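Asker: Structure provided below as structure tokens; questions to follow.
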Amino acid sequence: MRKIEDTYRLRLRKKDNDFFKKYIQERDGITKLTKQTPVKTDSQVLIRDNALYYLERFNDLDESTLTTLPSVIATLCYKVIVSTPNFDSAFRIFTVLNDRGLDLMVTDILKAKIIGKIPESEQEINTEKWEDIESALGREQFNELFSHIRMILQKRKGAGNLKDEYDSILENMSGKTFIDEILIPYSDIYIQIKKL
């Protein structure tokens, strides 16, 4: 037997990858997963809860269905890759196609745009900063923070769609400047206000 270390084709963002590998990808990892398994992010909650849901459903299936299921999945499930010529069409496609699983939020689209404006050598550290704030707040409050930031920067209540208004806000600003000088300090203030 060759002693070759497992390599996984699917990797999640850095914050969630070890959790995913330990409980989903590693052999018998799912058997260690319980409702009390500690989680650090919204994504880990969903990974845990979905895995437990499917494990429970699989336990209800008869043996012949369980033996047939892998070949059905392998032959009838497809991965579709969609490419678009620009950011606006990507946003439209995500909005139309994303009707399953965790809803795509405007902040997910903005993240791609903001991080994309940062030199590649600095993208990983800035992605970590972004995800630290998102984890600290949770997805809903993180999205809410962006509405507040928009109002503060524009000095008026939002009049258009969040994505379009952020396009004009970010027009003359680097992604790094947005993260370091706006997102981080405003999120710190937002967290303090929420604690009151």
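Scheme for the structure tokens: letters A, B, ... for chains in order shown; per-chain residue numbers from 1; ligand numbers from 1 in order shown.
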Determine which residues of chain A receive a DSSP assignment of alpha helix (DSSP H), computed from the backbone, and state them as a ChimeraX atom specification.

Answerer: /A:14-20,42-59,63-76,87-97,106-116,120-137,139-154,162-170,175-177,184-195

Asker: Counting only C-alpha atoms, what is within 8 Å of Asp42 (chain A), bar same-chain residues fewer than 6 positions away, as a PDB file with N, CA, C and O atoms, in the first residue's frame?

Answerer:
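Final output, around-v4.pdb:
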ATOM      1  N   SER A 135     -17.526  37.133  10.362  1.00  0.00           N
ATOM      2  CA  SER A 135     -17.756  36.104  11.388  1.00  0.00           C
ATOM      3  C   SER A 135     -18.162  36.730  12.715  1.00  0.00           C
ATOM      4  O   SER A 135     -19.030  36.203  13.411  1.00  0.00           O
ATOM      5  N   GLY A 138     -21.824  38.020  11.975  1.00  0.00           N
ATOM      6  CA  GLY A 138     -22.820  37.131  11.366  1.00  0.00           C
ATOM      7  C   GLY A 138     -23.261  37.755  10.050  1.00  0.00           C
ATOM      8  O   GLY A 138     -23.173  38.969   9.861  1.00  0.00           O
ATOM      9  N   ARG A 139     -23.744  36.940   9.141  1.00  0.00           N
ATOM     10  CA  ARG A 139     -24.053  37.418   7.777  1.00  0.00           C
ATOM     11  C   ARG A 139     -25.106  38.519   7.751  1.00  0.00           C
ATOM     12  O   ARG A 139     -24.974  39.500   7.026  1.00  0.00           O
TER      13      ARG A 139
END

Asker: So how far away is CA of Asn50 (chain A) from CA of Asn17 (chain A), in Å?

Answerer: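 So the answer is 15.9 Å.
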
Asker: One number please: CA of Gln44 (chain A) to CA of Arg11 (chain A), in Å, one decimal.

Answerer: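 Taking CA of Gln44 (chain A) and CA of Arg11 (chain A), their separation equals 13.4 Å.
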
Asker: What are the nearest atom pairs, with distances in Å to one decimal, for all residues of region 68-158 of chain A that come at most 6 Å from region 170-175 of chain A, using only C-alpha atoms, set out by chain and rising residue number as JSON lines?

Answerer:
{"residue": "A:Ile114", "atom": "CA", "partner": "A:Gly175", "partner_atom": "CA", "distance": 4.6}
{"residue": "A:Ile115", "atom": "CA", "partner": "A:Gly175", "partner_atom": "CA", "distance": 5.9}
{"residue": "A:Lys117", "atom": "CA", "partner": "A:Gly175", "partner_atom": "CA", "distance": 5.2}
{"residue": "A:Ile118", "atom": "CA", "partner": "A:Gly175", "partner_atom": "CA", "distance": 5.4}

Asker: Neighbouring residues of Phe19 (chain A) were defined as those with any atom within 10 Å, considering only C-alpha atoms; residues of the same chain fewer than 2 positions away were excluded. Please report them as number ranges by chain.

Answerer: A: 12, 14-17, 21-25, 29, 38-40, 43-44, 47-48

Asker: Just the selected residues (all heavy atoms), exported as a short mmCIF file (atom, residue, chain, number, x, y, z; two decimals), in the first residue's frame, please.

Answerer:
data_model
loop_
_atom_site.label_atom_id
_atom_site.label_comp_id
_atom_site.auth_asym_id
_atom_site.auth_seq_id
_atom_site.Cartn_x
_atom_site.Cartn_y
_atom_site.Cartn_z
N LEU A 12 -12.64 25.08 1.23
CA LEU A 12 -13.46 26.23 1.59
C LEU A 12 -12.56 27.38 1.99
O LEU A 12 -11.34 27.24 2.02
CB LEU A 12 -14.39 25.86 2.75
CG LEU A 12 -15.29 24.64 2.55
CD1 LEU A 12 -16.23 24.47 3.73
CD2 LEU A 12 -16.07 24.73 1.26
N LYS A 14 -10.44 29.82 4.28
CA LYS A 14 -9.49 29.42 5.31
C LYS A 14 -10.16 29.16 6.67
O LYS A 14 -9.86 28.18 7.34
CB LYS A 14 -8.43 30.51 5.45
CG LYS A 14 -7.17 30.08 6.11
CD LYS A 14 -6.17 31.23 6.09
CE LYS A 14 -4.77 30.70 5.98
NZ LYS A 14 -3.79 31.76 5.86
N LYS A 15 -11.08 30.04 7.08
CA LYS A 15 -11.75 29.91 8.38
C LYS A 15 -12.54 28.62 8.53
O LYS A 15 -12.70 28.12 9.62
CB LYS A 15 -12.73 31.07 8.56
CG LYS A 15 -12.15 32.31 9.07
CD LYS A 15 -13.27 33.28 9.31
CE LYS A 15 -12.82 34.54 9.93
NZ LYS A 15 -11.69 34.44 10.79
N ASP A 16 -13.07 28.10 7.42
CA ASP A 16 -13.96 26.95 7.49
C ASP A 16 -13.33 25.66 6.98
O ASP A 16 -13.88 24.58 7.17
CB ASP A 16 -15.23 27.23 6.68
CG ASP A 16 -15.99 28.42 7.21
OD1 ASP A 16 -16.10 28.55 8.44
OD2 ASP A 16 -16.47 29.23 6.40
N ASN A 17 -12.18 25.76 6.32
CA ASN A 17 -11.62 24.59 5.66
C ASN A 17 -11.23 23.47 6.62
O ASN A 17 -11.51 22.30 6.35
CB ASN A 17 -10.42 24.98 4.79
CG ASN A 17 -10.13 23.92 3.77
OD1 ASN A 17 -11.00 23.54 2.99
ND2 ASN A 17 -8.92 23.40 3.78
N LYS A 21 -12.79 19.80 6.49
CA LYS A 21 -11.92 18.64 6.27
C LYS A 21 -12.10 17.62 7.41
O LYS A 21 -12.28 16.43 7.16
CB LYS A 21 -10.46 19.09 6.18
CG LYS A 21 -9.55 17.95 5.77
CD LYS A 21 -8.18 18.30 5.25
CE LYS A 21 -7.40 19.35 5.89
NZ LYS A 21 -5.98 19.35 5.51
N LYS A 22 -12.09 18.11 8.65
CA LYS A 22 -12.16 17.21 9.81
C LYS A 22 -13.48 16.44 9.88
O LYS A 22 -13.49 15.24 10.15
CB LYS A 22 -11.98 18.03 11.10
CG LYS A 22 -12.11 17.23 12.37
CD LYS A 22 -11.88 18.08 13.60
CE LYS A 22 -12.00 17.26 14.87
NZ LYS A 22 -11.76 18.08 16.07
N TYR A 23 -14.59 17.13 9.63
CA TYR A 23 -15.90 16.49 9.84
C TYR A 23 -16.58 15.97 8.57
O TYR A 23 -17.48 15.14 8.66
CB TYR A 23 -16.85 17.46 10.55
CG TYR A 23 -16.42 17.75 11.96
CD1 TYR A 23 -15.92 18.99 12.31
CD2 TYR A 23 -16.48 16.76 12.95
CE1 TYR A 23 -15.50 19.26 13.62
CE2 TYR A 23 -16.08 17.02 14.24
CZ TYR A 23 -15.59 18.26 14.57
OH TYR A 23 -15.19 18.52 15.86
N ILE A 24 -16.15 16.43 7.41
CA ILE A 24 -16.83 15.99 6.18
C ILE A 24 -15.91 15.17 5.29
O ILE A 24 -16.27 14.10 4.82
CB ILE A 24 -17.38 17.21 5.39
CG1 ILE A 24 -18.31 18.05 6.27
CG2 ILE A 24 -18.07 16.76 4.11
CD1 ILE A 24 -19.53 17.33 6.83
N GLN A 25 -14.69 15.66 5.07
CA GLN A 25 -13.83 15.00 4.09
C GLN A 25 -13.05 13.81 4.65
O GLN A 25 -12.83 12.84 3.93
CB GLN A 25 -12.86 16.02 3.48
CG GLN A 25 -13.57 17.04 2.61
CD GLN A 25 -12.64 18.07 2.04
OE1 GLN A 25 -11.81 18.64 2.74
NE2 GLN A 25 -12.76 18.34 0.75
N GLY A 29 -15.13 11.12 9.73
CA GLY A 29 -15.25 12.43 10.37
C GLY A 29 -16.68 12.77 10.74
O GLY A 29 -16.96 13.31 11.80
N PRO A 38 -18.69 22.25 18.43
CA PRO A 38 -18.50 23.70 18.43
C PRO A 38 -18.25 24.24 17.02
O PRO A 38 -17.54 23.61 16.23
CB PRO A 38 -17.27 23.92 19.32
CG PRO A 38 -16.73 22.58 19.64
CD PRO A 38 -17.65 21.52 19.15
N VAL A 39 -18.85 25.38 16.73
CA VAL A 39 -18.70 26.04 15.44
C VAL A 39 -18.28 27.49 15.67
O VAL A 39 -18.59 28.07 16.70
CB VAL A 39 -20.01 25.98 14.62
CG1 VAL A 39 -20.32 24.57 14.19
CG2 VAL A 39 -21.16 26.57 15.41
N LYS A 40 -17.57 28.06 14.68
CA LYS A 40 -17.08 29.42 14.82
C LYS A 40 -17.71 30.40 13.83
O LYS A 40 -17.60 31.60 14.00
CB LYS A 40 -15.56 29.45 14.64
CG LYS A 40 -14.82 28.70 15.72
CD LYS A 40 -13.32 28.73 15.47
CE LYS A 40 -12.59 27.93 16.53
NZ LYS A 40 -11.20 27.70 16.20
N SER A 43 -21.13 29.58 8.37
CA SER A 43 -20.92 28.49 7.42
C SER A 43 -20.75 27.16 8.13
O SER A 43 -21.28 26.14 7.69
CB SER A 43 -19.69 28.77 6.55
OG SER A 43 -19.88 29.92 5.78
N GLN A 44 -20.00 27.15 9.22
CA GLN A 44 -19.79 25.91 9.97
C GLN A 44 -21.10 25.40 10.58
O GLN A 44 -21.33 24.19 10.64
CB GLN A 44 -18.73 26.11 11.05
CG GLN A 44 -17.34 26.28 10.47
CD GLN A 44 -16.28 26.55 11.51
OE1 GLN A 44 -16.47 26.31 12.70
NE2 GLN A 44 -15.14 27.06 11.07
N ILE A 47 -22.82 23.74 7.66
CA ILE A 47 -22.14 22.47 7.32
C ILE A 47 -22.55 21.39 8.31
O ILE A 47 -22.95 20.29 7.93
CB ILE A 47 -20.61 22.65 7.31
CG1 ILE A 47 -20.17 23.54 6.14
CG2 ILE A 47 -19.90 21.29 7.25
CD1 ILE A 47 -18.73 24.03 6.25
N ARG A 48 -22.46 21.72 9.60
CA ARG A 48 -22.82 20.76 10.65
C ARG A 48 -24.28 20.33 10.53
O ARG A 48 -24.59 19.13 10.50
CB ARG A 48 -22.56 21.39 12.03
CG ARG A 48 -22.93 20.47 13.19
CD ARG A 48 -23.03 21.22 14.51
NE ARG A 48 -24.12 22.18 14.46
CZ ARG A 48 -24.25 23.19 15.31
NH1 ARG A 48 -23.36 23.39 16.25
NH2 ARG A 48 -25.27 24.01 15.21
#

Asker: What's around Asp188 (chain A) at 12 Å? Count only C-alpha atoms, leave out sequence neighbours fewer than 2 positions away in its own chain, and write the answer as a ChimeraX atom specification.

Answerer: /A:132-134,136-137,142,145,180-186,190-195

Asker: For a test of reading the model, state the distance in Å between CA of Asn126 (chain A) and CA of Asp6 (chain A), rounded to one decimal.

Answerer: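 These two atoms are separated by 29.0 Å.
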
Asker: Please determine, counting only C-alpha atoms, which residue among A:Asp167, A:Asn86, A:Lys176, A:Arg27 has the shortest atom-to-atom distance to Glu122 (chain A).

Answerer: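 Using only C-alpha atoms, the shortest distance to Glu122 (chain A) belongs to A:Lys176.
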